[in-house]
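Asker: This one is upload.cif, mmCIF, C-alpha atoms and all ligand atoms; chains and numbers go by the auth columns.
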data_my_file
#
loop_
_atom_site.group_PDB
_atom_site.id
_atom_site.type_symbol
_atom_site.label_atom_id
_atom_site.label_comp_id
_atom_site.label_asym_id
_atom_site.label_seq_id
_atom_site.Cartn_x
_atom_site.Cartn_y
_atom_site.Cartn_z
_atom_site.B_iso_or_equiv
_atom_site.auth_seq_id
_atom_site.auth_asym_id
ATOM 1 C CA MET A 1 97.294 -92.173 -41.806 0.00 1 A
ATOM 2 C CA PHE A 2 98.876 -88.832 -40.929 0.00 2 A
ATOM 3 C CA LYS A 3 96.521 -85.994 -39.985 0.00 3 A
ATOM 4 C CA ASP A 4 97.541 -82.355 -39.646 0.00 4 A
ATOM 5 C CA VAL A 5 96.837 -81.390 -36.040 0.00 5 A
ATOM 6 C CA ALA A 6 98.531 -78.112 -35.126 0.00 6 A
ATOM 7 C CA LYS A 7 101.108 -75.520 -36.050 0.00 7 A
ATOM 8 C CA THR A 8 104.388 -75.677 -34.180 0.00 8 A
ATOM 9 C CA ASP A 9 103.928 -72.188 -32.741 0.00 9 A
ATOM 10 C CA GLU A 10 100.720 -73.267 -30.965 0.00 10 A
ATOM 11 C CA ILE A 11 102.718 -75.249 -28.407 0.00 11 A
ATOM 12 C CA LEU A 12 105.547 -73.411 -26.695 0.00 12 A
ATOM 13 C CA PRO A 13 108.606 -75.319 -25.412 0.00 13 A
ATOM 14 C CA GLY A 14 107.611 -77.083 -22.199 0.00 14 A
ATOM 15 C CA GLY A 15 103.956 -76.878 -23.155 0.00 15 A
ATOM 16 C CA MET A 16 101.186 -79.387 -23.782 0.00 16 A
ATOM 17 C CA LYS A 17 97.875 -79.040 -25.552 0.00 17 A
ATOM 18 C CA ALA A 18 94.938 -81.395 -26.060 0.00 18 A
ATOM 19 C CA TYR A 19 93.360 -82.096 -29.442 0.00 19 A
ATOM 20 C CA GLU A 20 90.685 -84.404 -30.736 0.00 20 A
ATOM 21 C CA VAL A 21 91.656 -86.124 -33.970 0.00 21 A
ATOM 22 C CA GLU A 22 89.290 -88.548 -35.677 0.00 22 A
ATOM 23 C CA GLY A 23 87.418 -88.836 -32.366 0.00 23 A
ATOM 24 C CA ILE A 24 90.604 -89.689 -30.457 0.00 24 A
ATOM 25 C CA GLU A 25 91.787 -87.444 -27.626 0.00 25 A
ATOM 26 C CA ILE A 26 95.518 -86.822 -27.832 0.00 26 A
ATOM 27 C CA VAL A 27 98.044 -84.487 -26.295 0.00 27 A
ATOM 28 C CA LEU A 28 100.828 -82.825 -28.226 0.00 28 A
ATOM 29 C CA CYS A 29 103.791 -81.648 -26.199 0.00 29 A
ATOM 30 C CA ASN A 30 106.928 -79.716 -26.995 0.00 30 A
ATOM 31 C CA ASP A 31 110.180 -80.864 -25.392 0.00 31 A
ATOM 32 C CA ASN A 32 112.453 -78.025 -26.543 0.00 32 A
ATOM 33 C CA GLY A 33 111.494 -78.364 -30.191 0.00 33 A
ATOM 34 C CA LYS A 34 110.895 -82.119 -30.158 0.00 34 A
ATOM 35 C CA PHE A 35 107.189 -82.870 -30.422 0.00 35 A
ATOM 36 C CA TYR A 36 105.494 -85.963 -29.008 0.00 36 A
ATOM 37 C CA ALA A 37 101.912 -87.192 -29.182 0.00 37 A
ATOM 38 C CA PHE A 38 100.223 -89.518 -26.699 0.00 38 A
ATOM 39 C CA GLU A 39 96.757 -90.390 -25.527 0.00 39 A
ATOM 40 C CA ARG A 40 95.161 -87.691 -23.409 0.00 40 A
ATOM 41 C CA ARG A 41 93.801 -89.883 -20.617 0.00 41 A
ATOM 42 C CA CYS A 42 96.096 -91.019 -17.840 0.00 42 A
ATOM 43 C CA GLY A 43 96.892 -94.717 -17.671 0.00 43 A
ATOM 44 C CA HIS A 44 95.905 -94.719 -14.015 0.00 44 A
ATOM 45 C CA MET A 45 92.423 -93.208 -13.650 0.00 45 A
ATOM 46 C CA ASN A 46 91.833 -91.214 -16.836 0.00 46 A
ATOM 47 C CA ALA A 47 92.748 -87.704 -15.695 0.00 47 A
ATOM 48 C CA PRO A 48 93.470 -85.292 -18.562 0.00 48 A
ATOM 49 C CA LEU A 49 97.249 -85.282 -18.863 0.00 49 A
ATOM 50 C CA ASP A 50 97.391 -81.920 -20.638 0.00 50 A
ATOM 51 C CA MET A 51 96.387 -80.401 -17.275 0.00 51 A
ATOM 52 C CA GLY A 52 99.503 -81.874 -15.687 0.00 52 A
ATOM 53 C CA THR A 53 103.080 -80.751 -16.127 0.00 53 A
ATOM 54 C CA LEU A 54 105.845 -81.426 -18.608 0.00 54 A
ATOM 55 C CA ASN A 55 109.500 -81.479 -17.594 0.00 55 A
ATOM 56 C CA GLY A 56 111.622 -82.381 -20.596 0.00 56 A
ATOM 57 C CA TYR A 57 109.982 -85.540 -21.921 0.00 57 A
ATOM 58 C CA ILE A 58 108.414 -86.452 -18.577 0.00 58 A
ATOM 59 C CA VAL A 59 104.686 -85.868 -18.174 0.00 59 A
ATOM 60 C CA THR A 60 103.263 -85.768 -14.666 0.00 60 A
ATOM 61 C CA CYS A 61 99.569 -86.439 -14.157 0.00 61 A
ATOM 62 C CA PRO A 62 97.676 -83.707 -12.296 0.00 62 A
ATOM 63 C CA LEU A 63 95.674 -86.153 -10.190 0.00 63 A
ATOM 64 C CA HIS A 64 98.017 -88.635 -8.486 0.00 64 A
ATOM 65 C CA SER A 65 101.320 -87.550 -10.044 0.00 65 A
ATOM 66 C CA VAL A 66 102.166 -90.712 -11.992 0.00 66 A
ATOM 67 C CA GLN A 67 104.913 -89.846 -14.448 0.00 67 A
ATOM 68 C CA PHE A 68 105.081 -91.031 -18.044 0.00 68 A
ATOM 69 C CA ASP A 69 107.704 -90.873 -20.775 0.00 69 A
ATOM 70 C CA ALA A 70 106.086 -88.754 -23.504 0.00 70 A
ATOM 71 C CA ALA A 71 108.187 -90.430 -26.206 0.00 71 A
ATOM 72 C CA THR A 72 107.470 -94.068 -25.331 0.00 72 A
ATOM 73 C CA GLY A 73 104.333 -93.805 -23.180 0.00 73 A
ATOM 74 C CA LYS A 74 106.006 -95.890 -20.465 0.00 74 A
ATOM 75 C CA ALA A 75 104.867 -95.269 -16.921 0.00 75 A
ATOM 76 C CA LEU A 76 107.911 -94.157 -14.951 0.00 76 A
ATOM 77 C CA SER A 77 106.505 -94.072 -11.428 0.00 77 A
ATOM 78 C CA GLY A 78 103.722 -95.152 -9.170 0.00 78 A
ATOM 79 C CA ILE A 79 101.137 -92.840 -7.688 0.00 79 A
ATOM 80 C CA MET A 80 102.117 -90.067 -5.354 0.00 80 A
ATOM 81 C CA PRO A 81 98.819 -89.052 -3.779 0.00 81 A
ATOM 82 C CA SER A 82 98.774 -85.756 -2.024 0.00 82 A
ATOM 83 C CA TYR A 83 96.267 -84.028 0.141 0.00 83 A
ATOM 84 C CA GLY A 84 96.878 -80.895 -1.880 0.00 84 A
ATOM 85 C CA GLY A 85 97.707 -78.552 0.944 0.00 85 A
ATOM 86 C CA GLU A 86 100.401 -77.654 3.420 0.00 86 A
ATOM 87 C CA GLU A 87 98.292 -78.626 6.419 0.00 87 A
ATOM 88 C CA PRO A 88 98.172 -82.230 7.682 0.00 88 A
ATOM 89 C CA VAL A 89 95.112 -84.297 6.834 0.00 89 A
ATOM 90 C CA PRO A 90 92.323 -83.451 9.321 0.00 90 A
ATOM 91 C CA LYS A 91 91.815 -86.239 11.874 0.00 91 A
ATOM 92 C CA SER A 92 88.224 -86.710 10.724 0.00 92 A
ATOM 93 C CA MET A 93 89.497 -87.550 7.218 0.00 93 A
ATOM 94 C CA VAL A 94 92.370 -89.904 8.112 0.00 94 A
ATOM 95 C CA GLY A 95 90.175 -93.026 7.899 0.00 95 A
ATOM 96 C CA THR A 96 88.734 -91.952 4.558 0.00 96 A
ATOM 97 C CA PHE A 97 92.175 -91.276 3.118 0.00 97 A
ATOM 98 C CA ALA A 98 93.439 -94.644 4.361 0.00 98 A
ATOM 99 C CA TRP A 99 90.451 -96.378 2.735 0.00 99 A
ATOM 100 C CA LEU A 100 91.048 -94.524 -0.544 0.00 100 A
ATOM 101 C CA ALA A 101 94.737 -95.447 -0.417 0.00 101 A
ATOM 102 C CA SER A 102 93.851 -99.137 0.078 0.00 102 A
ATOM 103 C CA LEU A 103 91.539 -99.000 -2.960 0.00 103 A
ATOM 104 C CA MET A 104 94.186 -97.222 -4.987 0.00 104 A
ATOM 105 C CA GLU A 105 96.656 -100.065 -4.420 0.00 105 A
ATOM 106 C CA HIS A 106 94.484 -102.221 -6.687 0.00 106 A
ATOM 107 C CA VAL A 107 94.291 -99.769 -9.578 0.00 107 A
ATOM 108 C CA LYS A 108 96.805 -100.719 -12.231 0.00 108 A
ATOM 109 C CA ILE A 109 98.771 -98.144 -14.152 0.00 109 A
ATOM 110 C CA HIS A 110 98.875 -98.665 -17.891 0.00 110 A
ATOM 111 C CA ASP A 111 101.437 -97.259 -20.280 0.00 111 A
ATOM 112 C CA LEU A 112 100.158 -94.585 -22.641 0.00 112 A
ATOM 113 C CA ARG A 113 99.547 -95.102 -26.293 0.00 113 A
ATOM 114 C CA THR A 114 101.841 -92.891 -28.313 0.00 114 A
ATOM 115 C CA TYR A 115 101.579 -91.707 -31.901 0.00 115 A
ATOM 116 C CA VAL A 116 104.209 -91.048 -34.537 0.00 116 A
ATOM 117 C CA VAL A 117 104.674 -87.316 -35.117 0.00 117 A
ATOM 118 C CA ARG A 118 105.859 -85.615 -38.277 0.00 118 A
ATOM 119 C CA VAL A 119 106.780 -81.927 -38.453 0.00 119 A
ATOM 120 C CA GLN A 120 106.956 -80.270 -41.835 0.00 120 A
ATOM 121 C CA ASP A 121 106.829 -76.568 -42.735 0.00 121 A
ATOM 122 C CA GLY A 122 105.664 -75.646 -39.240 0.00 122 A
ATOM 123 C CA VAL A 123 102.797 -78.139 -39.234 0.00 123 A
ATOM 124 C CA ILE A 124 102.597 -81.031 -36.774 0.00 124 A
ATOM 125 C CA SER A 125 100.983 -84.157 -38.184 0.00 125 A
ATOM 126 C CA VAL A 126 100.141 -87.260 -36.203 0.00 126 A
ATOM 127 C CA ASP A 127 99.760 -90.826 -37.457 0.00 127 A
ATOM 128 C CA ILE A 128 96.301 -91.759 -36.153 0.00 128 A
HETATM 129 S S1 LIG B . 94.722 -90.398 -12.737 0.00 201 A
HETATM 130 FE FE1 LIG B . 96.734 -89.963 -13.338 0.00 201 A
HETATM 131 S S2 LIG B . 97.918 -90.617 -11.693 0.00 201 A
HETATM 132 FE FE2 LIG B . 95.908 -91.129 -11.083 0.00 201 A
#
Give the structure from this file in structure tokens form.
Ligand code: FES
Answerer:
Amino acid sequence: MFKDVAKTDEILPGGMKAYEVEGIEIVLCNDNGKFYAFERRCGHMNAPLDMGTLNGYIVTCPLHSVQFDAATGKALSGIMPSYGGEEPVPKSMVGTFAWLASLMEHVKIHDLRTYVVRVQDGVISVDI
């Protein structure tokens, strides 16, 4: 059943925005006028994907940088963990990071659920 979610001018080209529709968290994104809808939570460890980046139809998670195809929901990469800074990891943290990396190897990455989008008269509707 299609639900009206947003107006097209709420999401600029290259932008993403989170919505809750019928209790389901989704993200709408705008790939140069083409709108896609997918589940908000990352298929790796649930980070909010609307806080990541969008490059064309490719969504990159803000936490470990897994990339997804916004149109199909397919995971396009593995994790790319980063320390988050320019400096090398402090020696006192090397063991902890190695342990976290070994745990991370066992976390599967799931494709995202996507939703059919309809745009009519400036209104974006999603089939929930
Ligand atoms: S939570 Fe998204 S890549 Fe890890």
Asker: Within 9 Å of ligand LIG 201 (chain A) (counting all atoms listed in the file), which residues show up? I'd like them as a list in words.
Answerer: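 Using all atoms listed in the file, everything at most 9 Å from ligand LIG 201 (chain A) comes to Arg41, Cys42, Gly43, His44, Met45, Asn46, Ala47, Pro48, Leu49, Gly52, Thr60, Cys61, Pro62, Leu63, His64, Ser65, Val66, Gln67, Gly78, Ile79, Met80, Pro81, Met104, Val107 and Ile109 of chain A.
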Asker: Go ahead and fit an axis-aligned box to every listed atom of segment 20-25 of chain A plus 4 Å each side, and pass me the centre and edge lengths in Å, one decimal, as AutoDock Vina command-line options.
Answerer:
--center_x 89.6 --center_y -87.0 --center_z -31.7 --size_x 12.4 --size_y 13.3 --size_z 16.1
Asker: Name the residues that the PyMOL selection byres (((chain A and resi 14-18) around 9) and not hetatm) pulls out of this structure, and write them as a PyMOL selection string.
Answerer: chain A and resi 10-13+19-20+25-33+40+48-57
Asker: Let me see the file: selected residues, C-alpha atoms, as a PDB file, in the frame of the given file.
Answerer:
ATOM      1  CA  GLU A  10     100.720 -73.267 -30.965  1.00  0.00           C
ATOM      2  CA  ILE A  11     102.718 -75.249 -28.407  1.00  0.00           C
ATOM      3  CA  LEU A  12     105.547 -73.411 -26.695  1.00  0.00           C
ATOM      4  CA  PRO A  13     108.606 -75.319 -25.412  1.00  0.00           C
ATOM      5  CA  TYR A  19      93.360 -82.096 -29.442  1.00  0.00           C
ATOM      6  CA  GLU A  20      90.685 -84.404 -30.736  1.00  0.00           C
ATOM      7  CA  GLU A  25      91.787 -87.444 -27.626  1.00  0.00           C
ATOM      8  CA  ILE A  26      95.518 -86.822 -27.832  1.00  0.00           C
ATOM      9  CA  VAL A  27      98.044 -84.487 -26.295  1.00  0.00           C
ATOM     10  CA  LEU A  28     100.828 -82.825 -28.226  1.00  0.00           C
ATOM     11  CA  CYS A  29     103.791 -81.648 -26.199  1.00  0.00           C
ATOM     12  CA  ASN A  30     106.928 -79.716 -26.995  1.00  0.00           C
ATOM     13  CA  ASP A  31     110.180 -80.864 -25.392  1.00  0.00           C
ATOM     14  CA  ASN A  32     112.453 -78.025 -26.543  1.00  0.00           C
ATOM     15  CA  GLY A  33     111.494 -78.364 -30.191  1.00  0.00           C
ATOM     16  CA  ARG A  40      95.161 -87.691 -23.409  1.00  0.00           C
ATOM     17  CA  PRO A  48      93.470 -85.292 -18.562  1.00  0.00           C
ATOM     18  CA  LEU A  49      97.249 -85.282 -18.863  1.00  0.00           C
ATOM     19  CA  ASP A  50      97.391 -81.920 -20.638  1.00  0.00           C
ATOM     20  CA  MET A  51      96.387 -80.401 -17.275  1.00  0.00           C
ATOM     21  CA  GLY A  52      99.503 -81.874 -15.687  1.00  0.00           C
ATOM     22  CA  THR A  53     103.080 -80.751 -16.127  1.00  0.00           C
ATOM     23  CA  LEU A  54     105.845 -81.426 -18.608  1.00  0.00           C
ATOM     24  CA  ASN A  55     109.500 -81.479 -17.594  1.00  0.00           C
ATOM     25  CA  GLY A  56     111.622 -82.381 -20.596  1.00  0.00           C
ATOM     26  CA  TYR A  57     109.982 -85.540 -21.921  1.00  0.00           C
TER      27      TYR A  57
END
Asker: Provide the atom CA of Val5 of chain A to atom CA of Ser125 of chain A distance in Å, to one decimal place.
Answerer: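 Atom-to-atom, atom CA of Val5 of chain A and atom CA of Ser125 of chain A are spaced 5.4 Å apart.
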Asker: Quote the spacing between atom CA of Ile24 of chain A and atom CA of Phe38 of chain A in Å to one decimal place.
Answerer: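 Answer for the atom CA of Ile24 of chain A to atom CA of Phe38 of chain A separation: 10.3 Å.
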Asker: Could you state the separation of atom CA of Val126 of chain A and atom CA of Val21 of chain A in Å, given to one decimal place?
Answerer: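 Computed distance, atom CA of Val126 of chain A to atom CA of Val21 of chain A, equals 8.8 Å.
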Asker: Which one is closest to Leu112 of chain A: A:Phe2, A:Phe68, A:Phe35, A:Trp99? Count only C-alpha atoms.
Answerer: A:Phe68
Asker: Between A:Tyr115, A:Val59, A:Asp121, A:Glu39, which one has atoms that come closest to Lys3 of chain A, using all atoms listed in the file?
Answerer: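 Once distances to Lys3 of chain A are computed over all atoms listed in the file, the minimum belongs to A:Tyr115.
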Asker: Find the residues around Asp4 of chain A up to 10 Å (all atoms listed in the file counted), leave out those fewer than 6 positions away in its own chain, and share them as a list in words.
Answerer: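 Returned residues: Val21, Val117, Arg118, Val119, Gln120, Val123, Ile124, Ser125, Val126 and Asp127 of chain A.
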Asker: Smallest atom-to-atom distance to Ala75 of chain A: which of A:Lys91, A:Lys7, A:Arg113, A:Lys34, using all atoms listed in the file?
Answerer: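 So, comparing all the options, the nearest one is A:Arg113.
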Asker: Nearest to Thr8 of chain A among A:His110, A:Tyr36, A:Ala101, A:Glu22, with distances taken over all atoms listed in the file: which residue is it?
Answerer: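 Closest residue, counting all atoms listed in the file: A:Tyr36.
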Asker: Restricting the calculation to all atoms listed in the file, which member of A:Gly122, A:Leu103, A:Ile128, A:Gly73 is positioned closest to Ala6 of chain A?
Answerer: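 Among the listed residues, A:Gly122 lies closest to Ala6 of chain A.
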